[in-house]
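*Asks:* I'd like to ask you about the structure that follows.
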There are 2 protein chains.
Amino acid sequence: MTPEEFRRHGHLLVDWIADYRARAESLPVMSTVEPGDIKVKLPARPPARGEAFESVMADLDRVILPGLTQWQHPGFYAYFPSNGLLESVLGDYLSTGLGVLGLSWQACPALTELEEVATDWFRQMVGLAPAWQGVIQDTASTSTLLALICAREKTSAYGLSRGGLQDGSPPLTVYASAEAHSSVEKAALLAGFGRENFRRIETDENFALRPEALARAIEADLARGARPSAIVATTGTTASTALDPLAPIAQIARRHGLWLHVDAAMAGSAMILPECRWMWDGIEEADSLVINPHKWLGAAFDCTLFYLRDPEHLIRVMSTNPSYLQSAADGRVRNYRDWGISLGRRFRALKLWCLIRSQGVEGLQARLRRDLVNAQWLAAKVRRTAPWRLLAPVPLQTLCLHHEPPGLAGEALDAHTRAWAERLNRSGKAYLTPAVLAGRWMVRVSIGSAPTERRHVEALWQAMQEAAAAG
Amino acid sequence: MTPEEFRRHGHLLVDWIADYRARAESLPVMSTVEPGDIKVKLPARPPARGEAFESVMADLDRVILPGLTQWQHPGFYAYFPSNGLLESVLGDYLSTGLGVLGLSWQACPALTELEEVATDWFRQMVGLAPAWQGVIQDTASTSTLLALICAREKTSAYGLSRGGLQDGSPPLTVYASAEAHSSVEKAALLAGFGRENFRRIETDENFALRPEALARAIEADLARGARPSAIVATTGTTASTALDPLAPIAQIARRHGLWLHVDAAMAGSAMILPECRWMWDGIEEADSLVINPHKWLGAAFDCTLFYLRDPEHLIRVMSTNPSYLQSAADGRVRNYRDWGISLGRRFRALKLWCLIRSQGVEGLQARLRRDLVNAQWLAAKVRRTAPWRLLAPVPLQTLCLHHEPPGLAGEALDAHTRAWAERLNRSGKAYLTPAVLAGRWMVRVSIGSAPTERRHVEALWQAMQEAAAAG
């Protein structure tokens with residue numbers, strides 16, 4: 001495709017996306033296709049000859065659109081908001097259009113230096129000390145894996161340069177709350193710790209990690225000769241945005257010399273609001289931290305920020321220096337390939353830079369505050385309306401709730417809960433995802449899709465009541 | 001930004017990218033900024049108020065452009081070609097504009113099903129058996145890490161579900177050629193094997209792994225009580241595109257029950273040419289395979305294909321099933337989150353789908369053949385022209401060469417080699433990256449940038465001779 005053809009098709013594509021975003025509200029939120037419905041519309045073999053790009057665009061409406069769950073819909077309350085705001089989308093368009101790669105500083109100096117600046121802007125926005133240095137990763141899952149590998153190597157005095165985890169030393173152990181995200185256990189397993197050395201610590205009535213239970217678990221491991229290595233604390237758990245108390249957890253980490261990683265993937269964006277920073281009091285004592293601007297804040301996916309108080313440690317673990325990547329500038333620059341797993345890196349800083357410049361800090365703050373107020377509005381409605389019930393505090397924008405008709409409990413209540421959520425999802429008006437909290441199914445309402453205004457939350461409340469009553 | 005503002009700015013941005021691609025040839029290939037030059041042009045603090053998007057676009061020319069190394073320039077012969085062809089760029093624009101995420105099939109059915117279809121199209125294009133199943137990852141580095149974790153778990157009978165690598169069993173060992181990519185050793189270290197358990201096997205006169213040396217290393221490890229776990233063979237090494245002989249290597253892997261992973265990150269794209277498939281004879285005996293369509297083939301970065309002959313093994317290692325991700329469709333669909341590290345996934349299949357449909361298999365084949373012919377043209381020139389010398393076979397599109405003025409050898413020759421490459425790079429006409437081969441610096445010429453035609457290679461040959469003579 002020539003640049004002139006790209007210009008023509010690019011304009012049409014931008015128009016298609018503009019129209020898509022404008023009409024998202026008219027589409028069902030959750031896709032209702034059945035497994036295989038999309039596949040059967042696609043040829044089983046690749047085309048021998050090239051086709052006009054118009055035919056690809058035509059298939060967007062015919063094939064792709066019915067199979068989309070609309071993450072940019074005002075009725076999207078599932079999982080977590082992933083707001084690809086359109087200014088950030090444009091930043092990503094720049095990145096892909098430029099087609100540059102950051103294998104090293106020399107391979108694209110602007111890619112590295114804008115990433116340094118944009119991650120430092122964000123550091124200031126969430127009120128972290130200047131010691132923290134950031135890098136953009138794809139996801140929190142990857143960042144947590146990196147953090148646990150760092151912990152493993154710190155505790156083993158860089159065992160990777162010797163026998164790895166295979167030197168017969170006492171086992172290293174990892175700790176996280178019972179409400180920690182599934183990626184934490186996965187990271188511990190991938191890093192080689194083994195499930196027997198991963199501890200899920202009990203939580204309190206608000207679903208936050210109990211520091212005294214953590215301290216007991218560490219002491220029990222020490223007593224049996226294990227070597228405690230890392231704690232993963234969560235600021236804003238997935239199910240209920242519970243807040244693990246960082247200050248006492250950090251004290252325990254320091255006392256025993258453990259690596260403290262903080263998963264603030266969802267809630268970290270809220271730290272651009274000074275009134276929310278109490279939620280991670282103690283953060284300055286952590287070793288690493290992950291925040292996903294590609295969630296609530298509005299950066300186009302994928303844009304995860306991984307911060308470290310001592311990046312030299314990460315670099316020592318990750319660095320490679322093959323001849324084909326060396327350049328004269330190496331000693332004077334940051335080479336982000338040594339800050340993660342991938343060698344090739346996209347120019348991801350552009351989408352964060354475009355977002356922050358276009359919205360300004362105040363614009364981003366105003367939108368998050370809108371969502372916090374909407375969540376409190378719905379929480380008040382639920383509290384006031386029997387037989388609805390809130391199951392957890394609402395510090396942020398996620399509500400955990402039940403509709404509990406008299407006499408319904410246990411598995412019958414689980415069935416009712418999942419049924420009314422499914423009815424609502426099938427209606428196409430809203431999309432909610434149920435989850436298990438304290439052993440029982442409940443419905444999460446995760447408010448914060450960019451187009452979601454008060455009127456949409458009011459309509460949701462109406463639709464929830466209808467769905468629950470229809471059972 | 002509203003959809004209407006996006007439409008307006010999007011058109012301007014598409015125009016900017018179209019103009020950029022059209023004028024890339026007029027820009028210096030390698031950026032000549034000094035460390036810090038980009039950073040000082042950027043404000044140290046984030047803006048409190050939002051700015052007009054016009055001011056961001058203005059900074060593209062003022063701040064970003066001077067700091068770009070032009071990967072889409074016809075004079076780009078560095079590292080490897082990463083051809084973000086414009087039809088694939090449009091596919092990525094669709095992905096980012098739609099703003100959907102693949103946490104599970106239900107979270108976006110089209111994302112999963114198009115990935116199944118597009119990876120199967122590509123499987124057919126490179127002539128692999130139907131048993132192979134594919135997934136799109138970000139990079140080969142990540143894919144090789146996944147492969148080694150699979151090997152680790154297979155050899156240890158799923159040790160991750162028990163004590164991980166920390167159960168005091170005999171150490172697991174990994175094998176790769178001395179010419180394997182730096183990401184292979186990095187993956188072995190990140191997976192916890194430890195450097196002492198990573199073997200670099202010697203290569204032959206063509207820089208390909210010697211199977212008999214591999215067999216000896218495995219037997220030596222068995223004799224000392226270690227447990228050989230994985231072999232990483234390379235089809236097309238980074239320095240010289242050397243071809244490890246897969247058939248005898250696979251035989252050794254089978255004899256000892258080792259996992260065989262094939263790194264065909266660069267050369268795998270050439271397997272869409274039937275005349276090149278001899279290069280990976282034996283591939284059907286491998287367990288996993290990585291190919292990067294985001295290199296020579298033209299998919300917009302990042303688009304790495306990771307194929308497995310038995311995905312059930314990967315899924316068993318990677319799967320998590322938290323309540324908040326469960327849906328009624330789970331048993332009947334593919335959930336790609338269990339095929340890699342990240343939970344959140346972009347709609348990456350769109351950029352591969354758009355590329356294949358727009359180019360057709362024949363269009364892609366024609367372009368690769370053009371580059372193979374250009375490489376042979378330059379190789380013939382070098383062979384015929386003293387004191388130039390080819391240092392390795394040229395099976396694909398990469399040449400390894402020296403300019404060896406009489407009497408120059410050893411470190412003096414190294415200095416001459418790096419000096420003329422640096423002079424050429426500084427000229428802005430072309431960008432080449434030196435590397436070490438057999439202990440000495442040489443210059444790699446990696447042909448295959450999409451806009452590189454014969455006339456550009458002729459101009460390169462002229463410029464190389466001038467740069468070498470100017471010393």
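Starting from 1 in every chain, residues are counted up; chains themselves are A, B, ... following the order of the structure tokens, and ligands are numbered from 1 as listed.
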Residues of region 21-51 of chain A in helix (DSSP H, G or I) according to DSSP, as a PyMOL selection string?
*Replies:* chain A and resi 21-26+39-41
*Asks:* Might you pull out every residue within 12 Å of Arg224 (chain B), with only C-alpha atoms counted and same-chain residues fewer than 6 positions away left off, and present them as a ChimeraX atom specification?
*Replies:* /B:170-173,217-218
*Asks:* Those residues you just picked out, can you put them in a file as a PDB file, in the first residue's frame with N, CA and C atoms?
*Replies:*
ATOM      1  N   PRO B 170      17.819 -33.067  40.973  1.00  0.00           N
ATOM      2  CA  PRO B 170      18.982 -32.737  40.156  1.00  0.00           C
ATOM      3  C   PRO B 170      18.636 -31.594  39.206  1.00  0.00           C
ATOM      4  N   PRO B 171      19.592 -30.743  38.876  1.00  0.00           N
ATOM      5  CA  PRO B 171      19.290 -29.557  38.071  1.00  0.00           C
ATOM      6  C   PRO B 171      18.917 -29.887  36.631  1.00  0.00           C
ATOM      7  N   LEU B 172      17.994 -29.108  36.099  1.00  0.00           N
ATOM      8  CA  LEU B 172      17.589 -29.190  34.704  1.00  0.00           C
ATOM      9  C   LEU B 172      18.548 -28.339  33.872  1.00  0.00           C
ATOM     10  N   THR B 173      18.851 -28.807  32.653  1.00  0.00           N
ATOM     11  CA  THR B 173      19.796 -28.087  31.800  1.00  0.00           C
ATOM     12  C   THR B 173      19.174 -27.732  30.453  1.00  0.00           C
ATOM     13  N   ALA B 217      27.366 -32.970  24.898  1.00  0.00           N
ATOM     14  CA  ALA B 217      27.060 -32.137  26.075  1.00  0.00           C
ATOM     15  C   ALA B 217      25.925 -32.762  26.890  1.00  0.00           C
ATOM     16  N   ILE B 218      24.916 -33.284  26.196  1.00  0.00           N
ATOM     17  CA  ILE B 218      23.789 -33.911  26.897  1.00  0.00           C
ATOM     18  C   ILE B 218      24.271 -35.154  27.646  1.00  0.00           C
TER      19      ILE B 218
END
*Asks:* Per residue of region 214-273 of chain A within 9 Å of region 62-85 of chain A, which atom pair is closest and at what distance in Å (one decimal), using only C-alpha atoms, listed by chain and increasing number, as a tab-separated table?
*Replies:*
residue	atom	partner	partner_atom	distance
A:Thr238	CA	A:Tyr79	CA	8.1
A:Ala239	CA	A:Tyr79	CA	8.9
A:Met266	CA	A:Phe80	CA	7.6
*Asks:* Please compute the CA of Ala264 (chain B)-CA of Glu196 (chain B) distance, one decimal, in Å.
*Replies:*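 Separation between CA of Ala264 (chain B) and CA of Glu196 (chain B): 25.6 Å.
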*Asks:* What gap, in Å, lies between CA of Leu103 (chain A) and CA of Arg370 (chain B)?
*Replies:*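 Between CA of Leu103 (chain A) and CA of Arg370 (chain B) the gap is 26.4 Å.
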*Asks:* For region 323-332 of chain A, work out the shell of residues within 12 Å, counting only C-alpha atoms and skipping chain neighbours fewer than 6 positions away, then give it as a VMD selection string.
*Replies:* (chain A and resid 102 to 109 338 343 to 344) or (chain B and resid 30 to 36 78 to 80 179 181 to 182 237 to 240 400 418 to 419 421 to 422 425 432 to 446)
*Asks:* Limited to N, CA and C atoms, could you put the picked residues into a file as a compact mmCIF listing (two decimals), in the first residue's frame?
*Replies:*
# COMPACT_ATOMS: atom_id res chain seq x y z
N GLY A 102 12.38 0.25 19.75
CA GLY A 102 13.40 0.62 20.73
C GLY A 102 14.16 -0.60 21.22
N LEU A 103 15.08 -1.10 20.41
CA LEU A 103 15.94 -2.20 20.88
C LEU A 103 16.99 -1.67 21.83
N SER A 104 17.35 -0.40 21.60
CA SER A 104 18.38 0.26 22.39
C SER A 104 18.10 1.74 22.24
N TRP A 105 18.79 2.57 23.00
CA TRP A 105 18.61 4.03 22.85
C TRP A 105 18.90 4.41 21.40
N GLN A 106 19.99 3.92 20.84
CA GLN A 106 20.41 4.30 19.50
C GLN A 106 19.39 3.91 18.43
N ALA A 107 18.68 2.82 18.66
CA ALA A 107 17.71 2.35 17.68
C ALA A 107 16.53 3.31 17.52
N CYS A 108 16.34 4.19 18.49
CA CYS A 108 15.32 5.24 18.40
C CYS A 108 15.37 6.10 19.66
N PRO A 109 16.25 7.10 19.66
CA PRO A 109 16.45 7.90 20.88
C PRO A 109 15.18 8.53 21.43
N ASP A 338 16.78 -3.64 29.10
CA ASP A 338 17.25 -4.24 30.34
C ASP A 338 16.29 -3.99 31.50
N LEU A 343 12.94 -7.63 24.01
CA LEU A 343 14.01 -6.81 23.42
C LEU A 343 13.37 -5.72 22.57
N GLY A 344 12.52 -6.11 21.61
CA GLY A 344 11.82 -5.12 20.80
C GLY A 344 10.77 -4.42 21.63
N MET B 30 19.90 6.97 10.51
CA MET B 30 20.18 6.87 11.94
C MET B 30 20.08 8.25 12.57
N SER B 31 19.34 8.37 13.65
CA SER B 31 19.27 9.65 14.34
C SER B 31 20.65 10.04 14.83
N THR B 32 20.98 11.32 14.71
CA THR B 32 22.31 11.76 15.14
C THR B 32 22.24 12.65 16.38
N VAL B 33 21.09 12.61 17.08
CA VAL B 33 21.02 13.40 18.32
C VAL B 33 21.96 12.80 19.36
N GLU B 34 22.31 13.63 20.34
CA GLU B 34 23.14 13.17 21.44
C GLU B 34 22.24 12.82 22.63
N PRO B 35 22.71 11.96 23.52
CA PRO B 35 21.91 11.63 24.70
C PRO B 35 21.42 12.88 25.42
N GLY B 36 20.14 12.93 25.71
CA GLY B 36 19.55 14.05 26.43
C GLY B 36 18.96 15.13 25.53
N ALA B 78 20.09 -2.12 9.30
CA ALA B 78 20.54 -2.44 10.65
C ALA B 78 19.70 -3.57 11.25
N TYR B 79 20.15 -4.11 12.37
CA TYR B 79 19.39 -5.09 13.13
C TYR B 79 18.69 -6.10 12.21
N PHE B 80 17.40 -5.85 11.96
CA PHE B 80 16.58 -6.69 11.06
C PHE B 80 15.52 -5.77 10.50
N GLU B 179 25.74 -19.25 18.83
CA GLU B 179 25.23 -18.13 18.04
C GLU B 179 23.77 -17.80 18.33
N HIS B 181 20.40 -16.29 19.98
CA HIS B 181 20.10 -14.91 20.37
C HIS B 181 20.22 -14.72 21.88
N SER B 182 20.56 -13.50 22.27
CA SER B 182 20.73 -13.20 23.70
C SER B 182 19.46 -13.50 24.50
N THR B 237 20.22 -17.41 12.50
CA THR B 237 20.74 -16.71 13.69
C THR B 237 20.81 -15.21 13.43
N THR B 238 20.91 -14.45 14.53
CA THR B 238 20.89 -12.99 14.44
C THR B 238 22.10 -12.46 13.70
N ALA B 239 23.27 -12.95 14.03
CA ALA B 239 24.47 -12.38 13.42
C ALA B 239 24.56 -12.69 11.93
N SER B 240 24.31 -13.96 11.56
CA SER B 240 24.61 -14.36 10.18
C SER B 240 23.52 -15.18 9.50
N CYS B 400 27.36 -10.84 6.03
CA CYS B 400 28.37 -10.53 7.04
C CYS B 400 29.66 -10.26 6.28
N ARG B 418 34.71 -0.99 12.52
CA ARG B 418 33.73 -0.18 13.25
C ARG B 418 33.78 1.27 12.79
N ALA B 419 34.96 1.72 12.37
CA ALA B 419 35.11 3.12 11.95
C ALA B 419 34.36 3.38 10.64
N ALA B 421 31.90 1.68 9.37
CA ALA B 421 30.45 1.57 9.59
C ALA B 421 29.92 2.84 10.25
N GLU B 422 30.67 3.33 11.21
CA GLU B 422 30.23 4.55 11.91
C GLU B 422 30.21 5.74 10.96
N ASN B 425 27.11 5.33 8.86
CA ASN B 425 25.91 5.63 9.65
C ASN B 425 25.75 7.14 9.87
N LEU B 432 23.83 0.60 9.23
CA LEU B 432 24.28 -0.79 9.34
C LEU B 432 24.67 -1.02 10.79
N THR B 433 24.49 -2.24 11.29
CA THR B 433 24.97 -2.48 12.65
C THR B 433 26.06 -3.55 12.66
N PRO B 434 27.23 -3.18 13.17
CA PRO B 434 28.31 -4.16 13.32
C PRO B 434 27.95 -5.19 14.41
N ALA B 435 28.60 -6.32 14.34
CA ALA B 435 28.42 -7.35 15.36
C ALA B 435 29.68 -8.21 15.39
N VAL B 436 29.77 -9.04 16.41
CA VAL B 436 30.93 -9.92 16.54
C VAL B 436 30.59 -11.28 15.96
N LEU B 437 31.46 -11.80 15.11
CA LEU B 437 31.30 -13.15 14.57
C LEU B 437 32.67 -13.82 14.69
N ALA B 438 32.66 -15.01 15.29
CA ALA B 438 33.92 -15.74 15.50
C ALA B 438 34.96 -14.85 16.17
N GLY B 439 34.51 -14.05 17.12
CA GLY B 439 35.44 -13.27 17.94
C GLY B 439 35.93 -11.96 17.34
N ARG B 440 35.50 -11.65 16.14
CA ARG B 440 35.96 -10.41 15.49
C ARG B 440 34.77 -9.57 15.05
N TRP B 441 34.93 -8.25 15.06
CA TRP B 441 33.87 -7.35 14.59
C TRP B 441 33.73 -7.45 13.08
N MET B 442 32.52 -7.49 12.65
CA MET B 442 32.22 -7.47 11.21
C MET B 442 31.01 -6.57 11.02
N VAL B 443 30.65 -6.30 9.78
CA VAL B 443 29.48 -5.49 9.50
C VAL B 443 28.38 -6.36 8.91
N ARG B 444 27.20 -6.24 9.50
CA ARG B 444 26.01 -6.93 8.98
C ARG B 444 25.27 -6.00 8.03
N VAL B 445 24.88 -6.54 6.89
CA VAL B 445 23.99 -5.81 6.00
C VAL B 445 22.71 -6.63 5.93
N SER B 446 21.66 -6.12 6.59
CA SER B 446 20.40 -6.86 6.64
C SER B 446 19.44 -6.20 5.66
*Asks:* What does the distance from CA of Glu202 (chain B) to CA of Ala140 (chain B) come to in Å, to one decimal?
*Replies:* 22.6 Å
*Asks:* Find, counting only C-alpha atoms, the residue in A:Val394, A:Glu404, A:Leu355, A:Arg152 that gets nearest to Phe207 (chain A).
*Replies:*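 Under the stated criterion, the closest residue is A:Val394.
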*Asks:* At a cut-off of 10 Å, using only C-alpha atoms, what residues contact Met125 (chain A)? Leave out same-chain residues fewer than 4 positions from it and give the result as a ChimeraX atom specification.
*Replies:* /A:119-121,269,271-274,356,361 /B:45-48
*Asks:* Counting only C-alpha atoms, which residue out of B:Leu189, B:Ile252, B:Leu364, B:Ala463 sits closest to Arg210 (chain B)?
*Replies:*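 Ranking B:Leu189, B:Ile252, B:Leu364, B:Ala463 by distance to Arg210 (chain B), first place goes to B:Ile252.
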*Asks:* Tyr307 (chain A): which residues within 12 Å, counting only C-alpha atoms, same-chain residues fewer than 5 positions away excluded, as an mmCIF file with C-alpha atoms, in the first residue's frame?
*Replies:*
data_model
loop_
_atom_site.group_PDB
_atom_site.id
_atom_site.type_symbol
_atom_site.label_atom_id
_atom_site.label_comp_id
_atom_site.auth_asym_id
_atom_site.auth_seq_id
_atom_site.Cartn_x
_atom_site.Cartn_y
_atom_site.Cartn_z
ATOM 1 C CA GLU A 116 11.619 8.600 30.641
ATOM 2 C CA THR A 119 6.782 8.011 33.208
ATOM 3 C CA ASP A 120 8.279 10.782 35.337
ATOM 4 C CA PHE A 122 3.016 10.259 35.866
ATOM 5 C CA ARG A 123 5.193 9.710 38.945
ATOM 6 C CA VAL A 126 0.468 10.275 41.736
ATOM 7 C CA LEU A 128 5.584 9.523 44.403
ATOM 8 C CA ALA A 129 9.081 10.571 45.506
ATOM 9 C CA PRO A 130 11.694 11.356 42.817
ATOM 10 C CA ALA A 131 13.573 8.136 43.605
ATOM 11 C CA TRP A 132 10.972 6.071 41.737
ATOM 12 C CA GLN A 133 11.846 5.363 38.119
ATOM 13 C CA GLY A 134 9.404 3.968 35.604
ATOM 14 C CA VAL A 135 9.169 1.845 32.507
ATOM 15 C CA ILE A 136 6.169 0.995 30.322
ATOM 16 C CA GLN A 137 5.240 -2.697 30.178
ATOM 17 C CA ALA A 140 0.408 -5.863 35.241
ATOM 18 C CA SER A 143 5.208 -6.519 35.753
ATOM 19 C CA THR A 144 4.363 -8.696 38.727
ATOM 20 C CA LEU A 146 9.332 -9.152 36.845
ATOM 21 C CA ALA A 147 8.935 -8.068 40.469
ATOM 22 C CA HIS A 261 5.670 -5.265 45.355
ATOM 23 C CA VAL A 262 2.443 -3.267 45.240
ATOM 24 C CA ASP A 263 -0.264 -4.157 42.717
ATOM 25 C CA ALA A 264 -2.175 -0.911 42.182
ATOM 26 C CA ALA A 265 -3.102 -1.869 38.630
ATOM 27 C CA GLY A 268 -3.260 3.458 41.070
ATOM 28 C CA ILE A 283 3.850 3.214 49.426
ATOM 29 C CA GLU A 284 7.220 4.930 49.772
ATOM 30 C CA ALA A 286 7.757 -0.476 48.693
ATOM 31 C CA ASP A 287 10.341 -1.795 46.237
ATOM 32 C CA SER A 288 8.191 -1.960 43.141
ATOM 33 C CA LEU A 289 4.774 -0.838 42.016
ATOM 34 C CA VAL A 290 2.483 -1.425 39.066
ATOM 35 C CA ILE A 291 -0.232 0.944 37.810
ATOM 36 C CA ASN A 292 -2.298 0.499 34.626
ATOM 37 C CA LEU A 314 16.113 -4.975 37.838
ATOM 38 C CA TRP A 339 14.083 -3.230 32.214
ATOM 39 C CA GLY A 340 11.909 -6.123 31.010
#
*Asks:* Residues at most 10 Å from Leu94 (chain A), counting only C-alpha atoms, excluding those fewer than 4 positions away in the same chain, as a VMD selection string?
*Replies:* (chain A and resid 88 to 90 98 to 99 347 to 348 350 to 351 354) or (chain B and resid 13 to 14 16 to 17 57 60 93)
*Asks:* How about saving the chosen residues, N, CA, C and O atoms kept, as a PDB file, in the first residue's frame?
*Replies:*
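Generated file (part.pdb):
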ATOM      1  N   SER A  88      -5.577   9.358  23.282  1.00  0.00           N
ATOM      2  CA  SER A  88      -4.553   8.328  23.484  1.00  0.00           C
ATOM      3  C   SER A  88      -4.505   7.379  22.290  1.00  0.00           C
ATOM      4  O   SER A  88      -3.434   6.904  21.887  1.00  0.00           O
ATOM      5  N   VAL A  89      -5.681   7.117  21.713  1.00  0.00           N
ATOM      6  CA  VAL A  89      -5.729   6.314  20.484  1.00  0.00           C
ATOM      7  C   VAL A  89      -4.860   6.971  19.414  1.00  0.00           C
ATOM      8  O   VAL A  89      -4.064   6.307  18.729  1.00  0.00           O
ATOM      9  N   LEU A  90      -4.951   8.287  19.295  1.00  0.00           N
ATOM     10  CA  LEU A  90      -4.133   8.988  18.295  1.00  0.00           C
ATOM     11  C   LEU A  90      -2.641   8.831  18.604  1.00  0.00           C
ATOM     12  O   LEU A  90      -1.823   8.690  17.698  1.00  0.00           O
ATOM     13  N   LEU A  98       4.685   5.414  12.687  1.00  0.00           N
ATOM     14  CA  LEU A  98       6.125   5.672  12.597  1.00  0.00           C
ATOM     15  C   LEU A  98       6.886   4.368  12.376  1.00  0.00           C
ATOM     16  O   LEU A  98       7.905   4.349  11.684  1.00  0.00           O
ATOM     17  N   GLY A  99       6.417   3.286  12.985  1.00  0.00           N
ATOM     18  CA  GLY A  99       7.039   1.979  12.767  1.00  0.00           C
ATOM     19  C   GLY A  99       8.483   1.915  13.233  1.00  0.00           C
ATOM     20  O   GLY A  99       9.328   1.347  12.547  1.00  0.00           O
ATOM     21  N   PHE A 347       6.777   2.230  20.607  1.00  0.00           N
ATOM     22  CA  PHE A 347       6.882   3.605  21.101  1.00  0.00           C
ATOM     23  C   PHE A 347       5.621   3.902  21.909  1.00  0.00           C
ATOM     24  O   PHE A 347       4.776   4.704  21.534  1.00  0.00           O
ATOM     25  N   ARG A 348       5.499   3.205  23.062  1.00  0.00           N
ATOM     26  CA  ARG A 348       4.269   3.294  23.839  1.00  0.00           C
ATOM     27  C   ARG A 348       4.105   4.632  24.549  1.00  0.00           C
ATOM     28  O   ARG A 348       2.995   5.016  24.925  1.00  0.00           O
ATOM     29  N   LEU A 350       4.120   7.472  23.500  1.00  0.00           N
ATOM     30  CA  LEU A 350       3.313   8.450  22.762  1.00  0.00           C
ATOM     31  C   LEU A 350       1.862   8.462  23.227  1.00  0.00           C
ATOM     32  O   LEU A 350       1.232   9.513  23.322  1.00  0.00           O
ATOM     33  N   LYS A 351       1.315   7.285  23.516  1.00  0.00           N
ATOM     34  CA  LYS A 351      -0.102   7.288  23.877  1.00  0.00           C
ATOM     35  C   LYS A 351      -0.343   7.848  25.280  1.00  0.00           C
ATOM     36  O   LYS A 351      -1.418   8.386  25.543  1.00  0.00           O
ATOM     37  N   CYS A 354       0.272  11.815  24.770  1.00  0.00           N
ATOM     38  CA  CYS A 354      -0.887  12.459  24.135  1.00  0.00           C
ATOM     39  C   CYS A 354      -2.055  12.566  25.107  1.00  0.00           C
ATOM     40  O   CYS A 354      -2.783  13.568  25.116  1.00  0.00           O
TER      41      CYS A 354
ATOM     42  N   LEU B  13      -3.635  13.424  11.299  1.00  0.00           N
ATOM     43  CA  LEU B  13      -2.577  12.504  11.715  1.00  0.00           C
ATOM     44  C   LEU B  13      -2.260  11.499  10.594  1.00  0.00           C
ATOM     45  O   LEU B  13      -1.088  11.208  10.321  1.00  0.00           O
ATOM     46  N   VAL B  14      -3.303  10.967   9.977  1.00  0.00           N
ATOM     47  CA  VAL B  14      -3.087  10.045   8.861  1.00  0.00           C
ATOM     48  C   VAL B  14      -2.288  10.752   7.752  1.00  0.00           C
ATOM     49  O   VAL B  14      -1.360  10.178   7.172  1.00  0.00           O
ATOM     50  N   TRP B  16      -0.211  13.196   8.175  1.00  0.00           N
ATOM     51  CA  TRP B  16       1.166  13.370   8.658  1.00  0.00           C
ATOM     52  C   TRP B  16       1.962  12.080   8.465  1.00  0.00           C
ATOM     53  O   TRP B  16       3.107  12.102   7.991  1.00  0.00           O
ATOM     54  N   ILE B  17       1.337  10.943   8.801  1.00  0.00           N
ATOM     55  CA  ILE B  17       2.035   9.659   8.653  1.00  0.00           C
ATOM     56  C   ILE B  17       2.263   9.343   7.171  1.00  0.00           C
ATOM     57  O   ILE B  17       3.343   8.887   6.771  1.00  0.00           O
ATOM     58  N   MET B  57       0.708  17.821  17.860  1.00  0.00           N
ATOM     59  CA  MET B  57       1.167  17.522  16.498  1.00  0.00           C
ATOM     60  C   MET B  57       2.353  18.413  16.113  1.00  0.00           C
ATOM     61  O   MET B  57       3.276  17.967  15.413  1.00  0.00           O
ATOM     62  N   LEU B  60       5.610  17.020  17.139  1.00  0.00           N
ATOM     63  CA  LEU B  60       6.142  15.868  16.391  1.00  0.00           C
ATOM     64  C   LEU B  60       7.345  16.296  15.567  1.00  0.00           C
ATOM     65  O   LEU B  60       8.392  15.645  15.572  1.00  0.00           O
ATOM     66  N   TYR B  93      -4.577   0.144  13.632  1.00  0.00           N
ATOM     67  CA  TYR B  93      -5.439   1.299  13.926  1.00  0.00           C
ATOM     68  C   TYR B  93      -6.852   0.839  14.294  1.00  0.00           C
ATOM     69  O   TYR B  93      -7.499   1.397  15.179  1.00  0.00           O
TER      70      TYR B  93
END
*Asks:* Can you pull out every residue within 10 Å of Asp244 (chain B), counting only C-alpha atoms, but drop anything in the same chain fewer than 6 positions away, and send it as a PyMOL selection string?
*Replies:* chain B and resi 176-177+179-180+203-204+206-211+232-237+262-263+279-281
*Asks:* Using only C-alpha atoms for the distances, tell me which of B:Ala250, B:Cys150, B:Ile38, B:Ala469 is nearest to Glu115 (chain A).
*Replies:*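 Checking each candidate against Glu115 (chain A), we get B:Ile38 as the closest.
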*Asks:* Go through A:His416, A:Ser449, A:Lys154, A:Leu424 one by one, measure the shortest atom-to-atom distance of each to Leu297 (chain A) using only C-alpha atoms, and give the residue with the smallest value.
*Replies:*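 That would be A:Ser449, the residue with the smallest distance to Leu297 (chain A).
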*Asks:* I need the residue nearest chain B from this list: A:Arg309, A:Arg254, A:Lys295, A:His402. Use only C-alpha atoms for the distance.
*Replies:* A:Lys295
*Asks:* Could you pull out the strand (DSSP E or B) residues of region 271-370 of chain A, going by DSSP on the backbone, and write them as a list in words?
*Replies:*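 Of region 271-370 of chain A, only Ser288, Leu289, Val290, Ile291, Thr304, Leu305, Phe306, Tyr307 and Leu308 of chain A fall in strand (DSSP E or B).
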